[in-house]
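**Q** Input my_file17.tsv, format and content: TSV, C-alpha atoms.
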```tsv
chain	number	residue	atom	x	y	z
A	1	MET	CA	130.30	67.90	-156.61
A	2	ASN	CA	133.34	69.28	-154.86
A	3	LYS	CA	135.42	69.87	-157.93
A	4	SER	CA	138.69	70.13	-156.09
A	5	ILE	CA	138.51	67.18	-153.67
A	6	VAL	CA	140.02	64.57	-155.97
A	7	PRO	CA	139.98	61.57	-153.59
A	8	LEU	CA	136.29	62.17	-152.85
A	9	ASN	CA	135.37	62.43	-156.51
A	10	GLU	CA	137.32	59.28	-157.26
A	11	LEU	CA	135.41	57.39	-154.55
A	12	ILE	CA	132.09	58.74	-155.82
A	13	SER	CA	132.85	57.66	-159.37
A	14	GLN	CA	133.85	54.20	-158.17
A	15	PHE	CA	130.46	53.83	-156.48
A	16	ALA	CA	128.70	55.28	-159.52
A	17	ARG	CA	130.18	52.52	-161.69
A	18	LEU	CA	128.26	49.88	-159.77
A	19	PRO	CA	125.06	48.66	-161.44
A	20	GLY	CA	121.93	50.56	-160.40
A	21	ILE	CA	123.88	53.20	-158.44
A	22	GLY	CA	123.31	56.69	-159.82
A	23	ASN	CA	125.43	59.72	-159.13
A	24	LYS	CA	123.33	60.94	-156.23
A	25	THR	CA	123.39	57.58	-154.45
A	26	ALA	CA	127.11	57.29	-155.15
A	27	GLN	CA	127.64	60.62	-153.39
A	28	ARG	CA	125.59	59.50	-150.41
A	29	LEU	CA	127.59	56.26	-150.15
A	30	ALA	CA	130.94	58.03	-150.47
A	31	TYR	CA	130.00	60.47	-147.72
A	32	SER	CA	128.91	57.61	-145.51
A	33	ILE	CA	132.37	56.06	-145.91
A	34	LEU	CA	133.97	59.34	-144.82
A	35	GLU	CA	131.72	59.45	-141.76
A	36	GLN	CA	132.86	56.02	-140.60
A	37	PRO	CA	136.12	55.16	-138.82
A	38	LYS	CA	139.16	54.43	-140.93
A	39	GLU	CA	139.07	50.72	-140.03
A	40	ASN	CA	135.73	50.31	-141.79
A	41	ALA	CA	137.07	51.72	-145.05
A	42	LYS	CA	140.09	49.44	-144.70
A	43	ALA	CA	137.85	46.40	-144.09
A	44	PHE	CA	135.76	47.28	-147.13
A	45	ALA	CA	138.88	47.68	-149.29
A	46	ASP	CA	140.24	44.35	-148.04
A	47	ALA	CA	136.93	42.64	-148.76
A	48	LEU	CA	137.02	43.91	-152.34
A	49	ILE	CA	140.59	42.72	-152.94
A	50	ASN	CA	140.05	39.44	-151.11
A	51	ALA	CA	136.86	38.53	-152.93
A	52	LYS	CA	138.48	39.21	-156.27
A	53	GLU	CA	141.68	37.31	-155.41
A	54	LYS	CA	140.27	34.27	-153.65
A	55	ILE	CA	137.10	33.60	-155.60
A	56	HIS	CA	137.27	31.83	-158.93
A	57	PHE	CA	134.99	29.64	-161.01
A	58	CYS	CA	134.49	26.02	-160.00
A	59	PRO	CA	136.21	24.00	-162.76
A	60	VAL	CA	133.33	21.49	-162.74
A	61	CYS	CA	130.14	23.56	-162.70
A	62	GLY	CA	131.36	27.12	-163.31
A	63	SER	CA	129.87	28.62	-160.14
A	64	LEU	CA	131.88	30.75	-157.73
A	65	THR	CA	134.12	29.18	-155.12
A	66	ASP	CA	137.13	29.90	-152.97
A	67	SER	CA	138.27	26.26	-152.80
A	68	ASP	CA	139.30	23.85	-155.59
A	69	THR	CA	135.78	22.82	-156.53
A	70	CYS	CA	132.62	24.39	-155.18
A	71	TYR	CA	130.80	23.16	-152.10
A	72	ILE	CA	127.85	21.94	-154.12
A	73	CYS	CA	129.91	19.77	-156.48
A	74	ASP	CA	131.83	18.48	-153.44
A	75	ASP	CA	128.68	17.52	-151.54
A	76	ALA	CA	128.26	13.74	-151.71
A	77	LEU	CA	124.78	14.01	-150.14
A	78	ARG	CA	123.39	15.89	-153.14
A	79	ASP	CA	121.77	14.13	-156.06
A	80	HIS	CA	124.51	13.85	-158.67
A	81	SER	CA	122.08	12.56	-161.31
A	82	VAL	CA	120.36	15.93	-161.87
A	83	ILE	CA	121.97	19.11	-163.20
A	84	CYS	CA	120.19	22.45	-163.22
A	85	VAL	CA	121.56	24.68	-165.99
A	86	VAL	CA	121.59	28.40	-165.17
A	87	GLU	CA	122.89	31.53	-166.86
A	88	GLU	CA	124.92	33.16	-164.10
A	89	PRO	CA	126.48	32.14	-160.77
A	90	ARG	CA	124.03	34.33	-158.85
A	91	ASP	CA	121.11	32.26	-160.18
A	92	ILE	CA	122.35	29.38	-158.02
A	93	ASN	CA	121.60	31.43	-154.89
A	94	VAL	CA	118.00	31.82	-155.93
A	95	PHE	CA	117.58	28.04	-156.11
A	96	GLU	CA	119.54	27.39	-152.94
A	97	ARG	CA	117.35	29.83	-151.07
A	98	VAL	CA	114.16	27.87	-151.76
A	99	ARG	CA	115.71	24.60	-150.47
A	100	GLU	CA	113.57	22.60	-152.86
A	101	TYR	CA	116.36	21.42	-155.13
A	102	ASN	CA	119.06	18.98	-154.12
A	103	GLY	CA	120.88	18.31	-157.38
A	104	LEU	CA	123.91	19.92	-158.98
A	105	TYR	CA	124.25	23.03	-161.14
A	106	HIS	CA	125.94	24.10	-164.31
A	107	VAL	CA	126.58	27.76	-165.07
A	108	LEU	CA	126.63	28.71	-168.76
A	109	HIS	CA	128.03	32.19	-168.10
A	110	GLY	CA	125.65	33.81	-170.54
A	111	VAL	CA	123.05	32.89	-173.13
A	112	ILE	CA	123.15	32.52	-176.88
A	113	SER	CA	122.52	36.00	-178.24
A	114	PRO	CA	123.36	36.63	-181.90
A	115	LEU	CA	122.69	40.36	-181.49
A	116	ASP	CA	125.46	40.59	-178.89
A	117	ASN	CA	127.69	38.28	-180.90
A	118	ILE	CA	127.47	35.50	-178.32
A	119	GLY	CA	127.36	32.12	-179.98
A	120	PRO	CA	127.24	28.70	-178.27
A	121	GLU	CA	131.05	28.45	-178.40
A	122	LYS	CA	131.32	31.35	-175.93
A	123	LEU	CA	129.27	29.54	-173.28
A	124	LYS	CA	130.35	26.69	-170.99
A	125	ILE	CA	128.56	24.12	-173.14
A	126	LYS	CA	131.60	21.92	-173.83
A	127	GLU	CA	132.08	21.64	-170.07
A	128	LEU	CA	128.45	20.59	-169.63
A	129	MET	CA	128.79	17.94	-172.31
A	130	ALA	CA	131.92	16.59	-170.58
A	131	ARG	CA	129.91	16.13	-167.38
A	132	LEU	CA	127.27	14.09	-169.20
A	133	ALA	CA	129.75	11.66	-170.75
A	134	ASP	CA	129.95	9.09	-167.93
A	135	GLY	CA	126.21	8.42	-167.76
A	136	THR	CA	125.66	9.48	-164.12
A	137	VAL	CA	123.38	12.35	-165.07
A	138	LYS	CA	119.77	11.34	-165.80
A	139	GLU	CA	118.09	14.73	-166.00
A	140	ILE	CA	118.98	18.25	-167.08
A	141	ILE	CA	116.73	21.05	-165.83
A	142	MET	CA	116.92	24.11	-168.08
A	143	ALA	CA	116.68	27.13	-165.80
A	144	THR	CA	117.77	29.86	-168.19
A	145	ASN	CA	115.68	33.04	-167.90
A	146	PRO	CA	112.26	33.19	-169.60
A	147	THR	CA	113.56	35.60	-172.26
A	148	VAL	CA	113.96	35.10	-175.99
A	149	GLU	CA	117.68	34.38	-175.53
A	150	GLY	CA	117.08	32.11	-172.54
A	151	GLU	CA	114.49	30.15	-174.51
A	152	ALA	CA	116.74	29.83	-177.54
A	153	THR	CA	119.62	28.61	-175.40
A	154	ALA	CA	117.39	26.08	-173.64
A	155	SER	CA	116.09	24.63	-176.88
A	156	TYR	CA	119.58	24.61	-178.44
A	157	LEU	CA	120.90	22.63	-175.48
A	158	SER	CA	117.94	20.26	-175.40
A	159	ARG	CA	118.58	19.40	-179.06
A	160	LEU	CA	122.19	18.62	-178.15
A	161	ILE	CA	121.41	16.59	-175.04
A	162	LYS	CA	118.26	14.62	-175.90
A	163	PRO	CA	120.08	12.24	-178.32
A	164	MET	CA	122.22	11.14	-175.33
A	165	ASN	CA	119.07	9.67	-173.73
A	166	ILE	CA	119.04	12.18	-170.91
A	167	LYS	CA	115.76	13.74	-169.83
A	168	VAL	CA	115.69	17.50	-170.48
A	169	THR	CA	113.12	19.57	-168.57
A	170	ARG	CA	112.27	23.25	-168.39
A	171	LEU	CA	110.97	25.25	-165.42
A	172	ALA	CA	107.18	25.69	-165.51
A	173	TYR	CA	105.72	28.96	-166.76
A	174	GLY	CA	102.67	30.41	-165.11
A	175	ILE	CA	101.17	33.02	-162.87
A	176	PRO	CA	103.45	33.96	-159.96
A	177	VAL	CA	102.13	32.79	-156.60
A	178	GLY	CA	100.41	35.58	-154.69
A	179	SER	CA	100.00	37.81	-157.74
A	180	ASP	CA	96.74	39.07	-159.19
A	181	LEU	CA	95.35	37.66	-162.45
A	182	GLU	CA	94.51	41.21	-163.47
A	183	TYR	CA	98.18	42.06	-163.77
A	184	ALA	CA	99.31	38.92	-165.59
A	185	ASP	CA	100.49	39.68	-169.14
A	186	GLU	CA	98.94	37.74	-171.99
A	187	TYR	CA	102.04	35.61	-172.68
A	188	THR	CA	102.26	34.44	-169.10
A	189	LEU	CA	98.53	33.75	-169.04
A	190	THR	CA	98.74	31.79	-172.30
A	191	ARG	CA	101.55	29.66	-170.87
A	192	ALA	CA	99.65	29.23	-167.61
A	193	LEU	CA	96.64	27.94	-169.57
A	194	GLN	CA	98.74	25.62	-171.70
A	195	GLY	CA	100.44	24.21	-168.63
A	196	ARG	CA	97.24	23.79	-166.60
A	197	ASN	CA	97.10	20.79	-164.26
A	198	GLU	CA	94.19	18.72	-163.01
A	199	ILE	CA	93.38	19.37	-159.36
B	1	MET	CA	123.66	33.17	-149.88
B	2	ASN	CA	126.57	30.84	-150.57
B	3	LYS	CA	127.24	29.82	-147.02
B	4	SER	CA	130.72	28.53	-147.66
B	5	ILE	CA	132.24	31.26	-149.85
B	6	VAL	CA	133.60	33.42	-147.05
B	7	PRO	CA	135.23	36.18	-149.15
B	8	LEU	CA	131.99	36.66	-151.10
B	9	ASN	CA	129.88	36.85	-147.97
B	10	GLU	CA	132.32	39.34	-146.46
B	11	LEU	CA	132.05	41.56	-149.54
B	12	ILE	CA	128.25	41.32	-149.52
B	13	SER	CA	128.08	42.31	-145.87
B	14	GLN	CA	130.40	45.26	-146.50
B	15	PHE	CA	128.04	46.52	-149.20
B	16	ALA	CA	125.02	45.82	-146.99
B	17	ARG	CA	126.45	48.12	-144.30
B	18	LEU	CA	126.13	51.12	-146.62
B	19	PRO	CA	123.08	53.31	-146.04
B	20	GLY	CA	120.07	52.37	-148.16
B	21	ILE	CA	121.67	49.18	-149.49
B	22	GLY	CA	119.67	46.09	-148.58
B	23	ASN	CA	120.91	42.54	-148.67
B	24	LYS	CA	119.62	41.84	-152.16
B	25	THR	CA	121.27	44.94	-153.65
B	26	ALA	CA	124.46	44.14	-151.74
B	27	GLN	CA	124.52	40.72	-153.39
B	28	ARG	CA	124.02	42.24	-156.82
B	29	LEU	CA	126.85	44.73	-156.23
B	30	ALA	CA	129.21	42.06	-154.90
B	31	TYR	CA	128.56	39.87	-157.94
B	32	SER	CA	129.17	42.82	-160.22
B	33	ILE	CA	132.60	43.28	-158.63
B	34	LEU	CA	133.40	39.63	-159.29
B	35	GLU	CA	132.38	40.02	-162.91
B	36	GLN	CA	134.80	42.91	-163.47
B	37	PRO	CA	138.55	42.68	-164.02
B	38	LYS	CA	140.82	42.56	-160.98
B	39	GLU	CA	142.12	46.09	-161.67
B	40	ASN	CA	138.67	47.57	-161.09
B	41	ALA	CA	138.37	46.01	-157.64
B	42	LYS	CA	141.88	47.26	-156.87
B	43	ALA	CA	140.98	50.78	-158.02
B	44	PHE	CA	137.84	50.71	-155.89
B	45	ALA	CA	139.79	49.53	-152.84
B	46	ASP	CA	142.42	52.23	-153.40
B	47	ALA	CA	139.73	54.89	-153.72
B	48	LEU	CA	138.25	53.84	-150.37
B	49	ILE	CA	141.59	53.94	-148.57
B	50	ASN	CA	142.69	57.14	-150.31
B	51	ALA	CA	139.50	59.04	-149.59
B	52	LYS	CA	139.66	58.10	-145.94
B	53	GLU	CA	143.36	58.90	-145.60
B	54	LYS	CA	143.58	62.13	-147.58
B	55	ILE	CA	140.30	63.81	-146.75
B	56	HIS	CA	139.87	65.63	-143.46
B	57	PHE	CA	137.77	68.51	-142.17
B	58	CYS	CA	138.73	72.06	-143.08
B	59	PRO	CA	139.93	73.63	-139.80
B	60	VAL	CA	138.07	76.85	-140.67
B	61	CYS	CA	134.63	75.81	-141.90
B	62	GLY	CA	134.50	72.08	-141.10
B	63	SER	CA	133.77	70.94	-144.64
B	64	LEU	CA	135.75	68.20	-146.36
B	65	THR	CA	139.08	68.90	-147.99
B	66	ASP	CA	142.29	67.20	-149.03
B	67	SER	CA	144.44	70.32	-148.62
B	68	ASP	CA	145.15	72.46	-145.54
B	69	THR	CA	142.00	74.55	-145.76
B	70	CYS	CA	139.13	73.90	-148.16
B	71	TYR	CA	138.91	75.45	-151.62
B	72	ILE	CA	135.93	77.58	-150.63
B	73	CYS	CA	137.62	79.18	-147.62
B	74	ASP	CA	140.73	79.70	-149.77
B	75	ASP	CA	138.82	81.42	-152.56
B	76	ALA	CA	139.49	85.19	-152.35
B	77	LEU	CA	136.82	85.83	-155.00
B	78	ARG	CA	134.03	84.59	-152.73
B	79	ASP	CA	132.10	86.89	-150.44
B	80	HIS	CA	133.76	86.51	-147.04
B	81	SER	CA	131.07	88.57	-145.31
B	82	VAL	CA	128.36	85.88	-145.54
B	83	ILE	CA	128.44	82.46	-143.91
B	84	CYS	CA	125.87	79.79	-144.67
B	85	VAL	CA	125.52	77.39	-141.71
B	86	VAL	CA	124.72	73.79	-142.68
B	87	GLU	CA	124.42	70.52	-140.80
B	88	GLU	CA	126.68	68.21	-142.81
B	89	PRO	CA	129.50	68.58	-145.37
B	90	ARG	CA	127.31	67.11	-148.11
B	91	ASP	CA	124.85	70.00	-147.72
B	92	ILE	CA	127.52	72.28	-149.19
B	93	ASN	CA	127.31	70.37	-152.48
B	94	VAL	CA	123.63	71.10	-152.73
B	95	PHE	CA	124.28	74.85	-152.52
B	96	GLU	CA	127.29	74.73	-154.81
B	97	ARG	CA	125.23	72.93	-157.43
B	98	VAL	CA	122.71	75.78	-157.72
B	99	ARG	CA	125.49	78.37	-158.27
B	100	GLU	CA	123.37	81.05	-156.62
B	101	TYR	CA	125.44	81.47	-153.49
B	102	ASN	CA	128.92	82.97	-153.42
B	103	GLY	CA	129.64	83.25	-149.71
B	104	LEU	CA	131.36	80.90	-147.27
B	105	TYR	CA	130.03	77.95	-145.29
B	106	HIS	CA	130.18	76.59	-141.81
B	107	VAL	CA	129.43	72.94	-141.07
B	108	LEU	CA	127.97	72.22	-137.63
B	109	HIS	CA	128.43	68.43	-137.96
B	110	GLY	CA	125.02	67.74	-136.53
B	111	VAL	CA	122.07	69.48	-134.92
B	112	ILE	CA	121.03	69.98	-131.34
B	113	SER	CA	119.00	66.91	-130.43
B	114	PRO	CA	118.37	66.26	-126.74
B	115	LEU	CA	116.83	62.87	-127.53
B	116	ASP	CA	120.12	61.70	-129.08
B	117	ASN	CA	122.11	63.36	-126.32
B	118	ILE	CA	123.58	65.97	-128.68
B	119	GLY	CA	123.91	69.33	-126.97
B	120	PRO	CA	125.35	72.56	-128.45
B	121	GLU	CA	128.80	71.67	-127.06
B	122	LYS	CA	129.03	68.69	-129.44
B	123	LEU	CA	128.59	70.88	-132.53
B	124	LYS	CA	131.15	73.17	-134.18
B	125	ILE	CA	129.59	76.27	-132.61
B	126	LYS	CA	132.74	77.49	-130.84
B	127	GLU	CA	134.49	77.42	-134.22
B	128	LEU	CA	131.68	79.46	-135.76
B	129	MET	CA	131.89	82.06	-132.99
B	130	ALA	CA	135.65	82.34	-133.50
B	131	ARG	CA	135.04	83.19	-137.17
B	132	LEU	CA	132.66	86.00	-136.22
B	133	ALA	CA	135.09	87.69	-133.82
B	134	ASP	CA	136.98	89.93	-136.28
B	135	GLY	CA	133.85	91.67	-137.65
B	136	THR	CA	134.27	90.64	-141.31
B	137	VAL	CA	131.07	88.61	-141.30
B	138	LYS	CA	127.89	90.65	-141.78
B	139	GLU	CA	125.31	87.91	-142.32
B	140	ILE	CA	124.72	84.33	-141.21
B	141	ILE	CA	122.29	82.26	-143.28
B	142	MET	CA	120.83	79.39	-141.27
B	143	ALA	CA	120.49	76.46	-143.64
B	144	THR	CA	119.87	73.65	-141.18
B	145	ASN	CA	117.19	71.21	-142.30
B	146	PRO	CA	113.51	72.14	-141.86
B	147	THR	CA	113.08	69.59	-139.05
B	148	VAL	CA	112.34	70.14	-135.37
B	149	GLU	CA	116.04	69.74	-134.52
B	150	GLY	CA	117.16	71.92	-137.42
B	151	GLU	CA	114.73	74.66	-136.32
B	152	ALA	CA	115.83	74.46	-132.71
B	153	THR	CA	119.49	74.69	-133.70
B	154	ALA	CA	118.82	77.67	-135.96
B	155	SER	CA	117.00	79.59	-133.27
B	156	TYR	CA	119.61	78.68	-130.63
B	157	LEU	CA	122.36	80.02	-132.89
B	158	SER	CA	120.43	83.15	-133.83
B	159	ARG	CA	120.02	83.98	-130.12
B	160	LEU	CA	123.80	83.62	-129.74
B	161	ILE	CA	124.74	85.62	-132.82
B	162	LYS	CA	122.20	88.47	-132.96
B	163	PRO	CA	123.71	90.34	-129.97
B	164	MET	CA	126.94	90.59	-132.01
B	165	ASN	CA	125.10	92.87	-134.49
B	166	ILE	CA	125.28	90.30	-137.27
B	167	LYS	CA	122.22	89.71	-139.46
B	168	VAL	CA	120.85	86.18	-139.07
B	169	THR	CA	118.58	84.86	-141.84
B	170	ARG	CA	116.81	81.59	-142.47
B	171	LEU	CA	116.06	79.89	-145.80
B	172	ALA	CA	112.51	80.56	-146.99
B	173	TYR	CA	109.87	77.90	-146.48
B	174	GLY	CA	107.25	77.29	-149.12
B	175	ILE	CA	105.93	75.09	-151.85
B	176	PRO	CA	108.67	73.41	-153.88
B	177	VAL	CA	108.94	74.76	-157.42
B	178	GLY	CA	107.26	72.48	-159.95
B	179	SER	CA	105.25	70.60	-157.35
B	180	ASP	CA	101.48	70.34	-157.14
B	181	LEU	CA	99.54	72.24	-154.46
B	182	GLU	CA	97.44	69.13	-153.99
B	183	TYR	CA	100.42	67.29	-152.50
B	184	ALA	CA	101.68	70.07	-150.24
B	185	ASP	CA	101.34	69.18	-146.56
B	186	GLU	CA	99.51	71.61	-144.27
B	187	TYR	CA	102.65	72.82	-142.48
B	188	THR	CA	104.39	73.71	-145.71
B	189	LEU	CA	101.26	75.42	-146.99
B	190	THR	CA	100.90	77.39	-143.75
B	191	ARG	CA	104.49	78.59	-144.04
B	192	ALA	CA	104.01	79.38	-147.71
B	193	LEU	CA	101.00	81.55	-146.81
B	194	GLN	CA	102.82	83.28	-143.97
B	195	GLY	CA	105.79	84.00	-146.22
B	196	ARG	CA	103.73	85.24	-149.18
B	197	ASN	CA	105.21	88.03	-151.28
B	198	GLU	CA	103.61	90.77	-153.32
B	199	ILE	CA	103.92	90.21	-157.06
```
Output the file's structure as structure tokens, nothing else.
**A**
Amino acid sequence: MNKSIVPLNELISQFARLPGIGNKTAQRLAYSILEQPKENAKAFADALINAKEKIHFCPVCGSLTDSDTCYICDDALRDHSVICVVEEPRDINVFERVREYNGLYHVLHGVISPLDNIGPEKLKIKELMARLADGTVKEIIMATNPTVEGEATASYLSRLIKPMNIKVTRLAYGIPVGSDLEYADEYTLTRALQGRNEI
Amino acid sequence: MNKSIVPLNELISQFARLPGIGNKTAQRLAYSILEQPKENAKAFADALINAKEKIHFCPVCGSLTDSDTCYICDDALRDHSVICVVEEPRDINVFERVREYNGLYHVLHGVISPLDNIGPEKLKIKELMARLADGTVKEIIMATNPTVEGEATASYLSRLIKPMNIKVTRLAYGIPVGSDLEYADEYTLTRALQGRNEI
């Protein structure tokens, strides 16, 4: 690293703070910025500031938005009787990309994780409960990740919600489409067997 | 992608313009910015602007600097009789990291590449010749990349410089240290054989 070029080192360390970007990649990215015209660096800087200033959480579902409520909550054509509960705002993209789901979302902003000192009170569970109060919602799909914490959060929530006479479902476990049985781990295979369907 | 969150999409596309960053990584990076405090995004934006505004090419060697001339050209303790010729400013880092070289550098800012319409006149060759005029320099080390263009540029320059009674050398080719002979390609192996040394 050029010890004495402070602005370059500062840019490299900013890139290196991003997730999954090591020092070598950060250097490559910083150099690429220097190779581009000044306007590009300005546009990048503006995009960073803008995104951070204009985007906030939707007060209803907790996803990201730059208007009052997010475009999914605002959409009257979507099925307002189903809510898919996810961990993070980015998980919504994954569902939206498959175009198979037409209901609403609720972002917990984390999962229950006693080891990290995250209890249910730190998640957007109160907000979810508030949305269920008026009886519009008929089904909650638990789409937390298939990890220990994701599982625990899903079953915690289902215990809370089931007494309200709302159907609580969980995404199916099984072998990923297009994969090879040989590479399936035993837990996935067990769940795939347990969840087998008649054809 | 969230079609309607313009500032988010703008940030994602800025990340996606960086070399080696695909759309999925760009999304992950953009989300990570949104998860951090506002000050971090501001610091990142400042670093981008700062780097671009304060860093320019050293008028002597063509490397990057934020002062009048770069810290290597300024360093009286370095050997001013040897110049290592590289393609890009980032190549200097690679040499500086190994701490084996104590001479100066000269950055060509490219290589001769007729296919890309880059002739010798587009490179910093005039500037290199100007540095050789006063007779201080005794050796030029050609450290262009071991590609067809890098080779062509090295031999073009050596034809220019040799008549001035300056030694022109080229980095040694051979098997990378720590690698396995099995994976060496035939060209590298041929050069390694041709360049064999007595032990």
**Q** Could you build a table of the residues in chain B lying no more than 8 Å from chain A, giving for each the nearest pair of atoms and their separation in Å rounded to one decimal place, using only C-alpha atoms, ordered by chain and ascending residue number, as CSV?
**A**
```
residue,atom,partner,partner_atom,distance
B:Met1,CA,A:Asn93,CA,5.7
B:Asn2,CA,A:Asn93,CA,6.6
B:Ser4,CA,A:Tyr71,CA,7.0
B:Ile5,CA,A:Asp66,CA,6.0
B:Val6,CA,A:Asp66,CA,7.7
B:Pro7,CA,A:Ala51,CA,4.7
B:Leu8,CA,A:Ala51,CA,5.5
B:Glu10,CA,A:Ala47,CA,6.1
B:Leu11,CA,A:Ala47,CA,5.1
B:Gln14,CA,A:Phe44,CA,5.8
B:Leu18,CA,A:Leu29,CA,6.4
B:Pro19,CA,A:Leu29,CA,6.8
B:Arg28,CA,A:Pro19,CA,8.0
B:Leu29,CA,A:Leu18,CA,6.4
B:Tyr31,CA,A:Arg90,CA,7.2
B:Ser32,CA,A:Leu18,CA,7.1
B:Ile33,CA,A:Lys52,CA,7.5
B:Leu34,CA,A:Lys52,CA,5.9
B:Lys38,CA,A:Lys52,CA,6.2
B:Ala41,CA,A:Leu48,CA,5.9
B:Lys42,CA,A:Ile49,CA,6.1
B:Ala43,CA,A:Gln14,CA,7.9
B:Phe44,CA,A:Gln14,CA,5.8
B:Ala45,CA,A:Ala45,CA,4.1
B:Asp46,CA,A:Ala45,CA,7.1
B:Ala47,CA,A:Leu11,CA,5.1
B:Leu48,CA,A:Ala41,CA,5.8
B:Ile49,CA,A:Lys42,CA,6.1
B:Asn50,CA,A:Pro7,CA,6.1
B:Ala51,CA,A:Pro7,CA,4.8
B:Lys52,CA,A:Leu34,CA,5.9
B:Glu53,CA,A:Lys38,CA,7.7
B:Lys54,CA,A:Pro7,CA,7.0
B:Ile55,CA,A:Pro7,CA,7.2
B:Leu64,CA,A:Ile5,CA,7.9
B:Thr65,CA,A:Ile5,CA,6.0
B:Asp66,CA,A:Ile5,CA,6.0
B:Tyr71,CA,A:Ser4,CA,7.0
B:Arg90,CA,A:Tyr31,CA,7.2
B:Asn93,CA,A:Met1,CA,5.7
B:Glu96,CA,A:Met1,CA,7.7
B:Arg97,CA,A:Met1,CA,7.2
```
**Q** Taking all listed atoms of range 155-174 of chain B, build the axis-aligned box, pad each of the six sides by 4 Å, then write its centre and edge lengths in Å to one decimal as AutoDock Vina command-line options.
**A**
```
--center_x 117.1 --center_y 85.1 --center_z -139.4 --size_x 27.7 --size_y 23.6 --size_z 27.4
```
**Q** How far is it from CA of Asp75 in chain B to CA of Tyr105 in chain B, in Å with one decimal?
**A** 11.9 Å
**Q** Between A:Thr147, A:Glu198, A:Gly62, A:Lys138, which is the closest to His109 in chain A once you count all atoms listed in the file?
**A**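 Smallest distance to His109 in chain A is found for A:Gly62.
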**Q** Choose the residue, out of A:Thr69, A:Asn23, A:Asn197, A:Ser113, that has the smallest atom-to-atom separation from Glu151 in chain A; count only C-alpha atoms.
**A**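 Among the listed residues, A:Ser113 lies closest to Glu151 in chain A.
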**Q** For a test of reading the model, state the distance in Å between CA of Glu127 in chain B and CA of Arg78 in chain B, rounded to one decimal.
**A** 19.9 Å
